[in-house]
Structures are given as C-alpha cells and as structure tokens.
>>> print(open('start.pdb').read())   # PDB, C-alpha atoms, pLDDT in the B column
ATOM      1  CA  MET L   1     190.176  42.136  77.174  1.00 75.00           C
ATOM      2  CA  GLU L   2     188.332  41.881  73.849  1.00 86.00           C
ATOM      3  CA  THR L   3     190.400  42.909  70.806  1.00 93.00           C
ATOM      4  CA  PHE L   4     189.957  42.882  67.038  1.00 97.00           C
ATOM      5  CA  ASP L   5     193.052  42.839  64.829  1.00 96.00           C
ATOM      6  CA  PHE L   6     193.418  43.768  61.151  1.00 96.00           C
ATOM      7  CA  HIS L   7     196.479  42.614  59.212  1.00 94.00           C
ATOM      8  CA  ILE L   8     196.788  45.082  56.349  1.00 92.00           C
ATOM      9  CA  THR L   9     197.038  43.574  52.845  1.00 92.00           C
ATOM     10  CA  PRO L  10     197.071  45.274  49.406  1.00 93.00           C
ATOM     11  CA  TYR L  11     193.865  47.093  48.480  1.00 94.00           C
ATOM     12  CA  ASP L  12     192.066  46.583  45.173  1.00 93.00           C
ATOM     13  CA  THR L  13     191.819  50.342  44.752  1.00 93.00           C
ATOM     14  CA  GLU L  14     190.008  50.256  41.420  1.00 91.00           C
ATOM     15  CA  ASN L  15     187.127  48.145  42.733  1.00 92.00           C
ATOM     16  CA  LEU L  16     187.004  49.847  46.141  1.00 95.00           C
ATOM     17  CA  LEU L  17     186.970  53.418  44.810  1.00 95.00           C
ATOM     18  CA  GLN L  18     183.185  53.629  44.462  1.00 93.00           C
ATOM     19  CA  GLN L  19     182.582  52.268  47.963  1.00 95.00           C
ATOM     20  CA  VAL L  20     184.954  54.778  49.560  1.00 95.00           C
ATOM     21  CA  SER L  21     183.433  57.587  47.516  1.00 93.00           C
ATOM     22  CA  GLU L  22     179.902  56.644  48.582  1.00 92.00           C
ATOM     23  CA  ALA L  23     180.959  56.339  52.225  1.00 93.00           C
ATOM     24  CA  LEU L  24     182.475  59.838  52.154  1.00 92.00           C
ATOM     25  CA  GLU L  25     179.344  61.174  50.507  1.00 88.00           C
ATOM     26  CA  LYS L  26     177.121  59.569  53.154  1.00 88.00           C
ATOM     27  CA  ARG L  27     179.217  60.944  55.997  1.00 87.00           C
ATOM     28  CA  THR L  28     179.103  64.455  54.469  1.00 86.00           C
ATOM     29  CA  GLU L  29     175.342  64.205  54.012  1.00 84.00           C
ATOM     30  CA  LEU L  30     174.860  63.337  57.695  1.00 85.00           C
ATOM     31  CA  ARG L  31     176.947  66.320  58.773  1.00 81.00           C
ATOM     32  CA  SER L  32     174.915  68.532  56.461  1.00 82.00           C
ATOM     33  CA  ARG L  33     171.638  67.142  57.801  1.00 84.00           C
ATOM     34  CA  GLU L  34     172.716  68.007  61.341  1.00 84.00           C
ATOM     35  CA  ARG L  35     173.546  71.587  60.386  1.00 79.00           C
ATOM     36  CA  TYR L  36     170.667  72.275  57.982  1.00 78.00           C
ATOM     37  CA  PRO L  37     167.682  70.118  59.026  1.00 83.00           C
ATOM     38  CA  VAL L  38     165.028  72.369  57.434  1.00 76.00           C
ATOM     39  CA  LEU L  39     166.804  72.378  54.078  1.00 69.00           C
ATOM     40  CA  TRP L  40     167.085  68.583  54.077  1.00 76.00           C
ATOM     41  CA  GLU L  41     163.451  68.220  55.054  1.00 80.00           C
ATOM     42  CA  ASN L  42     162.496  70.005  51.835  1.00 69.00           C
ATOM     43  CA  ILE L  43     165.025  68.005  49.810  1.00 65.00           C
ATOM     44  CA  ASP L  44     163.558  64.746  51.136  1.00 72.00           C
ATOM     45  CA  LYS L  45     160.074  65.886  50.137  1.00 69.00           C
ATOM     46  CA  LEU L  46     161.248  66.622  46.605  1.00 57.00           C
ATOM     47  CA  ASN L  47     162.990  63.254  46.393  1.00 60.00           C
ATOM     48  CA  ALA L  48     159.823  61.497  47.534  1.00 66.00           C
ATOM     49  CA  MET L  49     157.866  63.232  44.784  1.00 57.00           C
ATOM     50  CA  SER L  50     160.319  62.139  42.078  1.00 50.00           C
ATOM     51  CA  LYS L  51     160.680  58.422  42.760  1.00 53.00           C
ATOM     52  CA  GLY L  52     159.847  57.446  39.167  1.00 51.00           C
ATOM     53  CA  LYS L  53     163.307  58.172  37.765  1.00 51.00           C
ATOM     54  CA  ARG L  54     163.018  55.785  34.859  1.00 47.00           C
ATOM     55  CA  ARG L  55     159.690  57.248  33.801  1.00 44.00           C
ATOM     56  CA  GLY L  56     161.101  60.758  34.099  1.00 50.00           C
ATOM     57  CA  ARG L  57     164.158  59.873  32.024  1.00 53.00           C
ATOM     58  CA  LEU L  58     162.005  58.276  29.337  1.00 50.00           C
ATOM     59  CA  ARG L  59     159.726  61.312  29.256  1.00 50.00           C
ATOM     60  CA  SER L  60     162.740  63.640  28.951  1.00 52.00           C
ATOM     61  CA  LYS L  61     164.162  61.553  26.107  1.00 53.00           C
ATOM     62  CA  VAL L  62     160.849  61.561  24.215  1.00 54.00           C
ATOM     63  CA  MET L  63     160.464  65.309  24.716  1.00 55.00           C
ATOM     64  CA  SER L  64     163.995  65.940  23.484  1.00 57.00           C
ATOM     65  CA  ILE L  65     163.305  63.944  20.313  1.00 59.00           C
ATOM     66  CA  ILE L  66     160.032  65.849  19.774  1.00 58.00           C
ATOM     67  CA  CYS L  67     161.852  69.160  20.222  1.00 57.00           C
ATOM     68  CA  LEU L  68     164.509  68.150  17.726  1.00 57.00           C
ATOM     69  CA  GLY L  69     161.912  67.048  15.179  1.00 64.00           C
ATOM     70  CA  LEU L  70     159.833  70.179  15.652  1.00 60.00           C
ATOM     71  CA  GLY L  71     162.936  72.348  15.462  1.00 57.00           C
ATOM     72  CA  VAL L  72     164.089  70.837  12.182  1.00 59.00           C
ATOM     73  CA  PHE L  73     160.548  71.170  10.786  1.00 59.00           C
ATOM     74  CA  LEU L  74     160.563  74.905  11.554  1.00 56.00           C
ATOM     75  CA  VAL L  75     164.208  75.663  10.755  1.00 55.00           C
ATOM     76  CA  VAL L  76     164.271  74.282   7.189  1.00 57.00           C
ATOM     77  CA  PRO L  77     161.529  76.526   5.742  1.00 61.00           C
ATOM     78  CA  GLY L  78     162.780  79.389   7.880  1.00 55.00           C
ATOM     79  CA  LEU L  79     166.205  79.170   6.254  1.00 58.00           C
ATOM     80  CA  ILE L  80     164.597  79.213   2.812  1.00 61.00           C
ATOM     81  CA  LYS L  81     162.560  82.346   3.562  1.00 58.00           C
ATOM     82  CA  PRO L  82     164.199  83.905   6.612  1.00 57.00           C
ATOM     83  CA  GLN L  83     162.531  87.298   6.261  1.00 58.00           C
ATOM     84  CA  GLU L  84     159.007  85.928   5.962  1.00 58.00           C
ATOM     85  CA  LEU L  85     159.444  83.126   8.505  1.00 54.00           C
ATOM     86  CA  PHE L  86     161.776  84.826  10.962  1.00 52.00           C
ATOM     87  CA  VAL L  87     159.727  83.939  14.083  1.00 56.00           C
ATOM     88  CA  PRO L  88     159.325  80.234  13.155  1.00 56.00           C
ATOM     89  CA  LEU L  89     163.061  80.172  12.389  1.00 51.00           C
ATOM     90  CA  LEU L  90     163.943  81.457  15.845  1.00 57.00           C
ATOM     91  CA  THR L  91     161.458  79.059  17.424  1.00 59.00           C
ATOM     92  CA  GLY L  92     162.948  76.168  15.474  1.00 56.00           C
ATOM     93  CA  VAL L  93     166.509  77.053  16.496  1.00 59.00           C
ATOM     94  CA  PHE L  94     165.433  77.295  20.121  1.00 57.00           C
ATOM     95  CA  ALA L  95     163.652  73.919  19.907  1.00 57.00           C
ATOM     96  CA  VAL L  96     166.750  72.269  18.405  1.00 59.00           C
ATOM     97  CA  ILE L  97     168.967  73.681  21.158  1.00 64.00           C
ATOM     98  CA  VAL L  98     166.568  72.539  23.882  1.00 57.00           C
ATOM     99  CA  GLY L  99     166.321  69.098  22.306  1.00 59.00           C
ATOM    100  CA  PHE L 100     170.092  68.666  22.162  1.00 59.00           C
ATOM    101  CA  VAL L 101     170.518  69.879  25.745  1.00 60.00           C
ATOM    102  CA  TYR L 102     167.950  67.448  27.153  1.00 55.00           C
ATOM    103  CA  LEU L 103     169.185  64.573  25.036  1.00 56.00           C
ATOM    104  CA  PHE L 104     172.790  65.180  26.073  1.00 57.00           C
ATOM    105  CA  SER L 105     171.955  65.566  29.765  1.00 56.00           C
ATOM    106  CA  SER L 106     169.955  62.338  29.802  1.00 50.00           C
ATOM    107  CA  ARG L 107     172.918  60.400  28.432  1.00 49.00           C
ATOM    108  CA  LYS L 108     175.593  62.140  30.442  1.00 48.00           C
ATOM    109  CA  ASN L 109     177.277  60.002  33.088  1.00 50.00           C
ATOM    110  CA  ARG L 110     177.659  62.092  36.199  1.00 53.00           C
ATOM    111  CA  LYS L 111     180.696  61.440  38.350  1.00 63.00           C
ATOM    112  CA  ASN L 112     180.530  61.402  42.099  1.00 68.00           C
ATOM    113  CA  PRO L 113     182.259  64.587  43.365  1.00 78.00           C
ATOM    114  CA  PHE L 114     183.805  62.525  46.181  1.00 86.00           C
ATOM    115  CA  ASP L 115     185.770  60.318  43.765  1.00 90.00           C
ATOM    116  CA  LYS L 116     188.797  62.602  43.959  1.00 89.00           C
ATOM    117  CA  SER L 117     188.977  62.393  47.756  1.00 91.00           C
ATOM    118  CA  ALA L 118     188.455  58.634  47.589  1.00 93.00           C
ATOM    119  CA  LYS L 119     191.394  58.288  45.181  1.00 93.00           C
ATOM    120  CA  LEU L 120     193.624  60.229  47.583  1.00 92.00           C
ATOM    121  CA  LEU L 121     192.616  57.971  50.493  1.00 92.00           C
ATOM    122  CA  LEU L 122     193.372  54.825  48.497  1.00 94.00           C
ATOM    123  CA  MET L 123     196.537  56.125  46.859  1.00 91.00           C
ATOM    124  CA  GLY L 124     199.453  53.725  47.372  1.00 88.00           C
ATOM    125  CA  LYS L 125     197.381  51.145  49.250  1.00 90.00           C
ATOM    126  CA  ASP L 126     197.510  48.771  46.282  1.00 87.00           C
ATOM    127  CA  ASN L 127     201.306  48.576  46.629  1.00 84.00           C
ATOM    128  CA  ILE L 128     201.437  47.391  50.240  1.00 77.00           C
ATOM    129  CA  SER L 129     203.970  44.585  50.564  1.00 71.00           C
ATOM    130  CA  MET L 130     202.691  41.311  51.964  1.00 63.00           C
ATOM    131  CA  GLU L 131     205.936  41.111  53.940  1.00 58.00           C
ATOM    132  CA  GLN L 132     205.143  44.258  55.904  1.00 66.00           C
ATOM    133  CA  SER L 133     203.668  43.811  59.361  1.00 73.00           C
ATOM    134  CA  ALA L 134     201.298  46.773  59.169  1.00 87.00           C
ATOM    135  CA  ALA L 135     198.358  46.150  61.475  1.00 93.00           C
ATOM    136  CA  VAL L 136     195.497  47.900  63.210  1.00 95.00           C
ATOM    137  CA  ALA L 137     194.120  46.721  66.530  1.00 96.00           C
ATOM    138  CA  PHE L 138     190.912  47.746  68.310  1.00 97.00           C
ATOM    139  CA  SER L 139     190.714  47.238  72.050  1.00 96.00           C
ATOM    140  CA  GLU L 140     188.447  48.507  74.809  1.00 94.00           C
ATOM    141  CA  SER L 141     190.422  51.754  74.993  1.00 92.00           C
ATOM    142  CA  GLY L 142     190.878  52.673  71.353  1.00 95.00           C
ATOM    143  CA  MET L 143     192.574  51.966  68.024  1.00 96.00           C
ATOM    144  CA  GLU L 144     196.294  51.280  67.666  1.00 95.00           C
ATOM    145  CA  ILE L 145     198.127  51.495  64.338  1.00 92.00           C
ATOM    146  CA  ARG L 146     201.343  49.492  64.081  1.00 89.00           C
ATOM    147  CA  ALA L 147     203.937  49.432  61.289  1.00 83.00           C
ATOM    148  CA  ASP L 148     207.521  48.186  60.931  1.00 75.00           C
ATOM    149  CA  ASP L 149     209.204  51.542  60.478  1.00 72.00           C
ATOM    150  CA  ARG L 150     207.066  53.701  62.756  1.00 78.00           C
ATOM    151  CA  GLU L 151     206.176  54.114  66.394  1.00 87.00           C
ATOM    152  CA  PRO L 152     202.735  52.677  67.258  1.00 89.00           C
ATOM    153  CA  GLN L 153     200.024  55.297  67.014  1.00 91.00           C
ATOM    154  CA  TYR L 154     197.209  55.221  69.560  1.00 94.00           C
ATOM    155  CA  ILE L 155     193.817  56.870  68.953  1.00 95.00           C
ATOM    156  CA  PRO L 156     191.222  56.854  71.781  1.00 95.00           C
ATOM    157  CA  TYR L 157     187.547  56.441  70.958  1.00 96.00           C
ATOM    158  CA  SER L 158     186.914  59.968  72.203  1.00 94.00           C
ATOM    159  CA  ASP L 159     188.654  61.181  68.994  1.00 95.00           C
ATOM    160  CA  PHE L 160     186.334  59.190  66.725  1.00 95.00           C
ATOM    161  CA  GLU L 161     183.508  60.944  64.950  1.00 91.00           C
ATOM    162  CA  SER L 162     181.904  58.137  62.951  1.00 92.00           C
ATOM    163  CA  MET L 163     182.183  54.763  61.250  1.00 95.00           C
ATOM    164  CA  THR L 164     180.627  53.950  57.877  1.00 95.00           C
ATOM    165  CA  GLU L 165     180.412  50.361  56.676  1.00 96.00           C
ATOM    166  CA  THR L 166     180.260  49.359  53.015  1.00 96.00           C
ATOM    167  CA  ALA L 167     180.152  45.925  51.397  1.00 95.00           C
ATOM    168  CA  ASP L 168     183.928  45.421  51.771  1.00 96.00           C
ATOM    169  CA  LEU L 169     185.178  48.243  53.999  1.00 96.00           C
ATOM    170  CA  PHE L 170     184.999  50.089  57.284  1.00 97.00           C
ATOM    171  CA  LEU L 171     185.633  53.832  56.969  1.00 96.00           C
ATOM    172  CA  PHE L 172     186.519  55.646  60.215  1.00 96.00           C
ATOM    173  CA  VAL L 173     186.602  59.404  60.727  1.00 93.00           C
ATOM    174  CA  HIS L 174     188.757  60.418  63.682  1.00 91.00           C
ATOM    175  CA  ASP L 175     190.543  63.578  64.711  1.00 84.00           C
ATOM    176  CA  THR L 176     189.958  65.236  61.265  1.00 80.00           C
ATOM    177  CA  ARG L 177     191.444  62.148  59.547  1.00 90.00           C
ATOM    178  CA  VAL L 178     190.022  59.136  57.755  1.00 93.00           C
ATOM    179  CA  SER L 179     191.081  55.478  58.029  1.00 94.00           C
ATOM    180  CA  VAL L 180     189.877  52.789  55.626  1.00 96.00           C
ATOM    181  CA  LEU L 181     190.085  49.107  56.625  1.00 97.00           C
ATOM    182  CA  GLN L 182     189.175  46.091  54.528  1.00 97.00           C
ATOM    183  CA  LYS L 183     186.820  43.542  56.039  1.00 97.00           C
ATOM    184  CA  LYS L 184     188.899  40.705  54.632  1.00 96.00           C
ATOM    185  CA  ASP L 185     191.856  41.914  56.724  1.00 96.00           C
ATOM    186  CA  LEU L 186     190.043  41.230  60.004  1.00 97.00           C
ATOM    187  CA  ILE L 187     191.949  38.226  61.332  1.00 96.00           C
ATOM    188  CA  SER L 188     189.073  36.729  63.324  1.00 94.00           C
ATOM    189  CA  LYS L 189     186.659  37.151  60.380  1.00 94.00           C
ATOM    190  CA  ASP L 190     183.983  37.952  62.987  1.00 96.00           C
ATOM    191  CA  ILE L 191     182.451  40.918  61.156  1.00 96.00           C
ATOM    192  CA  THR L 192     179.245  40.798  63.185  1.00 95.00           C
ATOM    193  CA  GLY L 193     181.148  40.794  66.465  1.00 96.00           C
ATOM    194  CA  PHE L 194     183.372  43.677  65.351  1.00 97.00           C
ATOM    195  CA  ARG L 195     180.367  45.686  64.177  1.00 95.00           C
ATOM    196  CA  SER L 196     178.682  45.222  67.545  1.00 94.00           C
ATOM    197  CA  PHE L 197     181.889  46.097  69.401  1.00 96.00           C
ATOM    198  CA  ILE L 198     182.439  49.301  67.419  1.00 96.00           C
ATOM    199  CA  SER L 199     178.839  50.462  67.807  1.00 94.00           C
ATOM    200  CA  LYS L 200     179.358  50.468  71.568  1.00 94.00           C
ATOM    201  CA  ASN L 201     182.461  52.663  71.375  1.00 95.00           C
ATOM    202  CA  ILE L 202     181.833  55.050  68.477  1.00 94.00           C
ATOM    203  CA  PRO L 203     178.799  57.342  68.781  1.00 86.00           C
ATOM    204  CA  GLU L 204     177.788  57.303  65.121  1.00 90.00           C
ATOM    205  CA  CYS L 205     177.847  54.065  63.106  1.00 91.00           C
ATOM    206  CA  GLN L 206     176.045  53.561  59.825  1.00 90.00           C
ATOM    207  CA  SER L 207     176.004  51.146  56.933  1.00 89.00           C
ATOM    208  CA  ILE L 208     175.501  51.575  53.192  1.00 84.00           C
ATOM    209  CA  SER L 209     175.984  47.864  52.574  1.00 76.00           C
ATOM    210  CA  PRO L 210     172.882  46.065  51.202  1.00 70.00           C
ATOM    211  CA  ASP L 211     173.674  43.135  53.493  1.00 68.00           C
ATOM    212  CA  VAL L 212     173.423  45.188  56.680  1.00 64.00           C
ATOM    213  CA  GLN L 213     170.389  47.002  57.991  1.00 53.00           C
ATOM    214  CA  ASN L 214     170.963  50.403  59.600  1.00 49.00           C
TER     215      ASN L 214
END
>>> encode(input="start.pdb", output="structure tokens")
Amino acid sequence: METFDFHITPYDTENLLQQVSEALEKRTELRSRERYPVLWENIDKLNAMSKGKRRGRLRSKVMSIICLGLGVFLVVPGLIKPQELFVPLLTGVFAVIVGFVYLFSSRKNRKNPFDKSAKLLLMGKDNISMEQSAAVAFSESGMEIRADDREPQYIPYSDFESMTETADLFLFVHDTRVSVLQKKDLISKDITGFRSFISKNIPECQSISPDVQN
C-alpha cells in the first residue's frame, strides 16, 4: 500500500506566514466563486480592464502632486483675502485634501486580511522539539496524525475539502479544520508523487506556487 510520511520539524513561521495567508485567501476566493459566480464574473472583467497597475499608480501619484500644487496656489491668496476669494479658497482646500488622500493611499502598504488567521495556524509551530516523534502519514484510506502524548488521529479523505500548495507548504482543509505541512518534512522527498497521489483522493487541489502549473 502506497504511503507518504511527514516527520514534523520546527516551522520558520516568520517566512511561512505570507504563504499560509495567501493559501487561505485563495481557498476563500474559490468558495466565494462557487457561491457568487455572477459577482466574480464582473470582478474578473474589472480586473482585466485594470492590468496596468504601475501606470495607474504613477498617474495617481502625478495627479496627487498636481492637486497639492494647485491647492497651495489657490489657498495662499485665499487666506490673504478670504472674503473676496472665498470660492478659490474652498477649492484650494479641497484640492489639498484630495492630493494628500491620493498620495497617502498610493504609499500605504495594505496588509492581507488573512494574516491574522495565518498567525494563529502557525502559532507554536516554531517551538516543536526535534526530539518529538510527531508525524503525519497519508495512505490509501486517509490521513493519520501521530504524536508522543496523544492517541493517533485518523481523518478519512471523505472529510477533506481541499488542498492548496504553496512554494514550501501543503495546506489541507478538512472537517472545518486546517492542517499545514512543510514540503521539507516529507521523508521520501517525492513531492511530485505526493502531489499526484493527493489529487486522486482529494476533490479540490490547487497550487499558488510559481513552480507548479494548476
């Protein structure tokens, strides 16, 4: 009987955080696409129309600088003669505000909303002792989780929802839970064989690794 065994070693949680976060995001997107296909069809059309992100960001930055310059040009004389130049003063203030908003938003680093969940999944995995015999085995019938101080836990493939592969990880969703396994922990090192084996037993397998084609 064909089996694939993982011997669990400490996780580099800091470097793996982004991969886990992106895998969770991808899995959530797929669920959303299944439930709201019409909505995602429109979203995909909008994304296709806005492929030139760099050009758009440059245009936004230039426009924000123009707004700031125009705003200052109108605000200064407006402050000197506010009663006579009240409308240009208001226009200048509005232009300055718009310029700052666009300039700030273009520089703002947006965090992935799934980072928090990813941190919870990886919490404590960097402190796994090398002396522990924690292991995960995949056989024809399912996945078995073994640890020194616990009874083996068996999960049949019928409980699995999906598997998402990243550059260094396999993320499994099963029975409302999530398991994250490192590729380097696969004892046989046969990643291709394991990927093929899993795709036959889990209905939904996907990859966000640049080295693997979906």
>>> resolve_selection(input="start.pdb", expression="the PyMOL selection byres ((chain L and resi 13) around 10)", output="count of residues only")
19
>>> residues_around(input="start.pdb", residues="Gln182 of chain L", least_positions_apart="6", cutoff="9 Å", atoms="only C-alpha atoms", output="number ranges by chain")
L: 6, 8-9, 11, 168-171
>>> residues_around(input="start.pdb", residues="segment 27-29 of chain L", least_positions_apart="2", cutoff="9 Å", atoms="all atoms listed in the file", output="CSV table (one decimal) with C-alpha atoms, in the frame of the given file")
chain,number,residue,atom,x,y,z
L,22,GLU,CA,179.9,56.6,48.6
L,23,ALA,CA,181.0,56.3,52.2
L,24,LEU,CA,182.5,59.8,52.2
L,25,GLU,CA,179.3,61.2,50.5
L,31,ARG,CA,176.9,66.3,58.8
L,32,SER,CA,174.9,68.5,56.5
L,33,ARG,CA,171.6,67.1,57.8
L,34,GLU,CA,172.7,68.0,61.3
L,162,SER,CA,181.9,58.1,63.0
L,163,MET,CA,182.2,54.8,61.2
L,164,THR,CA,180.6,54.0,57.9
L,173,VAL,CA,186.6,59.4,60.7
L,206,GLN,CA,176.0,53.6,59.8
>>> residues_near_point(input="start.pdb", point="(175.6, 51.0, 51.6)", cutoff="7 Å", atoms="only C-alpha atoms", output="list of chain:residue names")
L:Thr166, L:Ala167, L:Ser207, L:Ile208, L:Ser209, L:Pro210
>>> residues_around(input="start.pdb", residues="Gln153 of chain L", least_positions_apart="2", cutoff="10 Å", atoms="all atoms listed in the file", output="ChimeraX atom specification")
/L:136,143-147,150-151,155
>>> closest_residue(input="start.pdb", among="L:Tyr36, L:Ala134, L:Glu204, L:Glu2", to="Pro152 of chain L", atoms="only C-alpha atoms")
L:Ala134
>>> atom_distance(input="start.pdb", atom1="atom CA of Pro156 of chain L", atom2="atom CA of Lys116 of chain L")
28.5 Å
>>> atom_distance(input="start.pdb", atom1="atom CA of Pro203 of chain L", atom2="atom CA of Ser158 of chain L")
9.2 Å
>>> atom_distance(input="start.pdb", atom1="atom CA of Lys26 of chain L", atom2="atom CA of Asn201 of chain L")
20.2 Å
>>> closest_residue(input="start.pdb", among="L:Phe114, L:Phe4, L:Phe160, L:Phe172", to="Ser188 of chain L", atoms="only C-alpha atoms")
L:Phe4
>>> axis_aligned_box(input="start.pdb", around="segment 3-7 of chain L", padding_each_side="4 Å", output="AutoDock Vina command-line options")
--center_x 193.2 --center_y 43.2 --center_z 65.0 --size_x 14.5 --size_y 9.2 --size_z 19.6
>>> residues_around(input="start.pdb", residues="His7 of chain L", least_positions_apart="6", cutoff="8 Å", atoms="only C-alpha atoms", output="list in words")
Ser133, Ala134, Ala135, Val136, Asp185, Leu186 and Ile187 of chain L
>>> closest_residue(input="start.pdb", among="L:Asp115, L:Tyr157, L:Glu41, L:Leu181", to="Glu140 of chain L", atoms="only C-alpha atoms")
L:Tyr157
>>> resolve_selection(input="start.pdb", expression="the PyMOL selection byres ((chain L and resi 3) around 7)", output="number ranges by chain")
L: 1-2, 4-5, 137-139
